[in-house]
Amino acid sequence: MPLSARQQKIAEIVRQTGFITGQQIADALGLTRAALRSDLAILTMSGVLDARPRVGYYYTGKNTLGMLQEELSSITVEDIRSVPIVVSGDKNAYDAAVTMFLEDVGTLFVVEGTEGLLQGVISRKDLLKAAMNPGTDLHALPVVMVMTPLSKIVTISPEEPAAAAARRLIDNEIDCLPVVTVLEKQPKKLKVVGRVTKTNITRLLAELAEGKGGTYHS
Ligand code: ADP
């Protein structure tokens with residue numbers, strides 16, 4: 001919630017003065033103490049000001065942008081991830097297209113074995129490209145021929161900040177990141193534990209804007 005002009009003025013007075021009582025703020029603004037009560041309540045509840053008994057109000061140094069940044073930095077990939085939608089590496093491109101429709105997703109992770117180790121990523125466009133090749137039979141085309149292979153895949157870990165996922169999606173111009181835990185570094189063995197898409201990031205933004213950021217830590 002943005003601060004009103006009067007609330008911003010109060011915050012500025014307190015910032016410049018250091019410690020100041022409610023009565024002194026009221027005097028500076030030519031208002032009564034009672035008229036300021038709700039503004040001071042909002043300023044202390046939102047963390048812009050803090051109050052100490054017998055001393056008065058002081059400025060915490062936080063502005064609303066700083067508070068949003070602080071809130072965001074504590075939200076992790078774990079908090080916003082969706083379940084991964086996968087296709088087994090022994091399936092064909094037609095199976096992959098069917099899974100995309102049934103699961104209503106734009107990206108699939110290709111996995112192998114009982115552990116669900118990441119092998120590749122298939123996007124809508126990968127399938128479209130394959131389908132446009134003259135004479136291609138999607139039923140006869142293994143998914144491993146269509147996917148982006150493991151060596152090129154950009155991933156994220158559950159404990160990384162959600163903002164890092166947003167940055168990685170933008171910088172790599174992709175829609176989806178596999179959320180992985182590293183089982184082995186060399187040779188690379190990644191267990192798929194989730195996915196983060198642009199939709200997860202958009203939902204987070206919408207919920208923060210609606211003041212629901214706190215629900216991520218419950
Ligand atoms: P689309 O192009 O279908 O809208 P993307 O932009 O996500 O979907 O995919 C573009 C290309 O990047 C595709 O070839 C896809 O296989 C690949 N890709 C998708 N996600 C990743 C990822 N996390 N890491 C590396 N490559 C990816």
# chains A, B, ... in the order shown; residues from 1 in each chain; ligands from 1
>>> select_by_dssp(residues="stretch 35-156 of chain A", states="strand (DSSP E)", output="ChimeraX atom specification")
/A:49-52,56-59,86-88,107-112,117-123,148-149
>>> residues_near_ligand(ligand="ligand 1", cutoff="7 Å", atoms="only C-alpha atoms and all ligand atoms", output="NGL selection string")
:A and (106-107 or 121-126 or 147-148 or 152-155 or 173-178)
>>> write_last_selection(atoms="C-alpha atoms", output="short mmCIF file (atom, residue, chain, number, x, y, z; two decimals), in the first residue's frame")
data_model
loop_
_atom_site.label_atom_id
_atom_site.label_comp_id
_atom_site.auth_asym_id
_atom_site.auth_seq_id
_atom_site.Cartn_x
_atom_site.Cartn_y
_atom_site.Cartn_z
CA GLY A 106 4.47 -25.79 -22.39
CA THR A 107 7.64 -27.54 -21.25
CA VAL A 121 14.00 -30.42 -21.85
CA ILE A 122 11.33 -30.25 -24.55
CA SER A 123 9.44 -27.06 -25.29
CA ARG A 124 6.42 -26.50 -27.55
CA LYS A 125 8.64 -25.04 -30.23
CA ASP A 126 10.97 -28.07 -30.21
CA MET A 147 15.04 -32.35 -26.62
CA THR A 148 17.65 -29.82 -25.54
CA LYS A 152 22.85 -27.20 -22.27
CA ILE A 153 20.15 -27.11 -19.60
CA VAL A 154 19.86 -24.19 -17.21
CA THR A 155 18.61 -25.32 -13.79
CA GLU A 173 15.14 -16.38 -22.83
CA ILE A 174 13.36 -19.53 -21.69
CA ASP A 175 9.94 -20.20 -20.16
CA CYS A 176 10.80 -22.86 -17.62
CA LEU A 177 13.55 -24.00 -15.27
CA PRO A 178 13.86 -27.50 -13.86
#
>>> residues_around(residues="A:Val55", least_positions_apart="2", cutoff="8 Å", atoms="only C-alpha atoms", output="list in words")
Phe19, Ile20, Thr21, Ala51, Arg52, Pro53 and Tyr57 of chain A
>>> closest_residue(among="A:Gln23, A:Asn172, A:Ser88, A:Thr114", to="A:Ala35", atoms="only C-alpha atoms")
A:Gln23
>>> residues_around(residues="A:Ile201", least_positions_apart="6", cutoff="8 Å", atoms="only C-alpha atoms", output="short mmCIF file (atom, residue, chain, number, x, y, z; two decimals) with all heavy atoms, in the first residue's frame")
data_model
loop_
_atom_site.label_atom_id
_atom_site.label_comp_id
_atom_site.auth_asym_id
_atom_site.auth_seq_id
_atom_site.Cartn_x
_atom_site.Cartn_y
_atom_site.Cartn_z
N ILE A 80 7.78 -21.34 -4.36
CA ILE A 80 6.94 -21.00 -5.52
C ILE A 80 6.87 -22.09 -6.58
O ILE A 80 6.13 -21.98 -7.53
CB ILE A 80 7.41 -19.69 -6.21
CG1 ILE A 80 8.83 -19.84 -6.80
CG2 ILE A 80 7.35 -18.51 -5.26
CD1 ILE A 80 9.15 -18.79 -7.83
N ALA A 162 13.71 -16.90 -5.16
CA ALA A 162 12.78 -16.88 -6.30
C ALA A 162 13.23 -15.85 -7.33
O ALA A 162 13.09 -16.04 -8.54
CB ALA A 162 11.37 -16.56 -5.81
N ALA A 166 13.76 -15.81 -11.59
CA ALA A 166 13.25 -14.81 -12.54
C ALA A 166 14.40 -14.31 -13.42
O ALA A 166 14.27 -14.24 -14.65
CB ALA A 166 12.62 -13.65 -11.78
#
>>> select_by_dssp(residues="stretch 74-217 of chain A", states="alpha helix (DSSP H)", output="ChimeraX atom specification")
/A:77-80,93-103,124-132,143-146,162-172,198-209
>>> closest_residue(among="A:Leu141, A:Val83, A:Leu108, A:Leu72", to="A:Glu207", atoms="only C-alpha atoms")
A:Leu72
>>> closest_atom_pairs(of="stretch 108-194 of chain A", to="stretch 93-96 of chain A", cutoff="6 Å", atoms="only C-alpha atoms", output="CSV")
residue,atom,partner,partner_atom,distance
A:Leu138,CA,A:Tyr94,CA,5.0
A:His139,CA,A:Tyr94,CA,5.2
A:Leu141,CA,A:Ala93,CA,5.6
A:Pro142,CA,A:Ala93,CA,5.9
A:Val143,CA,A:Ala93,CA,5.0
>>> decode(residues="stretch 171-202 of chain A", atoms="C-alpha atoms", output="JSON list (two decimals), in the first residue's frame")
[["chain", "number", "residue", "atom", "x", "y", "z"],
["A", 171, "ASP", "CA", 18.73, -13.96, -19.20],
["A", 172, "ASN", "CA", 18.38, -17.31, -21.00],
["A", 173, "GLU", "CA", 15.14, -16.38, -22.83],
["A", 174, "ILE", "CA", 13.36, -19.53, -21.69],
["A", 175, "ASP", "CA", 9.94, -20.20, -20.16],
["A", 176, "CYS", "CA", 10.80, -22.86, -17.62],
["A", 177, "LEU", "CA", 13.55, -24.00, -15.27],
["A", 178, "PRO", "CA", 13.86, -27.50, -13.86],
["A", 179, "VAL", "CA", 14.25, -27.38, -10.06],
["A", 180, "VAL", "CA", 16.93, -29.93, -9.26],
["A", 181, "THR", "CA", 18.99, -31.38, -6.45],
["A", 182, "VAL", "CA", 22.50, -32.45, -7.38],
["A", 183, "LEU", "CA", 23.08, -36.15, -6.74],
["A", 184, "GLU", "CA", 26.47, -36.19, -8.39],
["A", 185, "LYS", "CA", 28.52, -33.43, -10.02],
["A", 186, "GLN", "CA", 30.72, -35.52, -12.37],
["A", 187, "PRO", "CA", 29.17, -37.18, -14.29],
["A", 188, "LYS", "CA", 26.25, -34.79, -13.81],
["A", 189, "LYS", "CA", 23.32, -36.48, -12.05],
["A", 190, "LEU", "CA", 20.40, -34.15, -11.34],
["A", 191, "LYS", "CA", 17.18, -35.24, -9.66],
["A", 192, "VAL", "CA", 14.16, -33.26, -10.85],
["A", 193, "VAL", "CA", 12.10, -32.03, -7.88],
["A", 194, "GLY", "CA", 10.01, -29.27, -9.46],
["A", 195, "ARG", "CA", 9.68, -26.60, -12.11],
["A", 196, "VAL", "CA", 9.56, -22.83, -12.09],
["A", 197, "THR", "CA", 7.88, -21.11, -15.00],
["A", 198, "LYS", "CA", 7.12, -17.52, -15.89],
["A", 199, "THR", "CA", 3.64, -18.19, -14.49],
["A", 200, "ASN", "CA", 5.07, -18.95, -11.03],
["A", 201, "ILE", "CA", 6.94, -15.64, -11.11],
["A", 202, "THR", "CA", 3.87, -13.74, -12.30]]
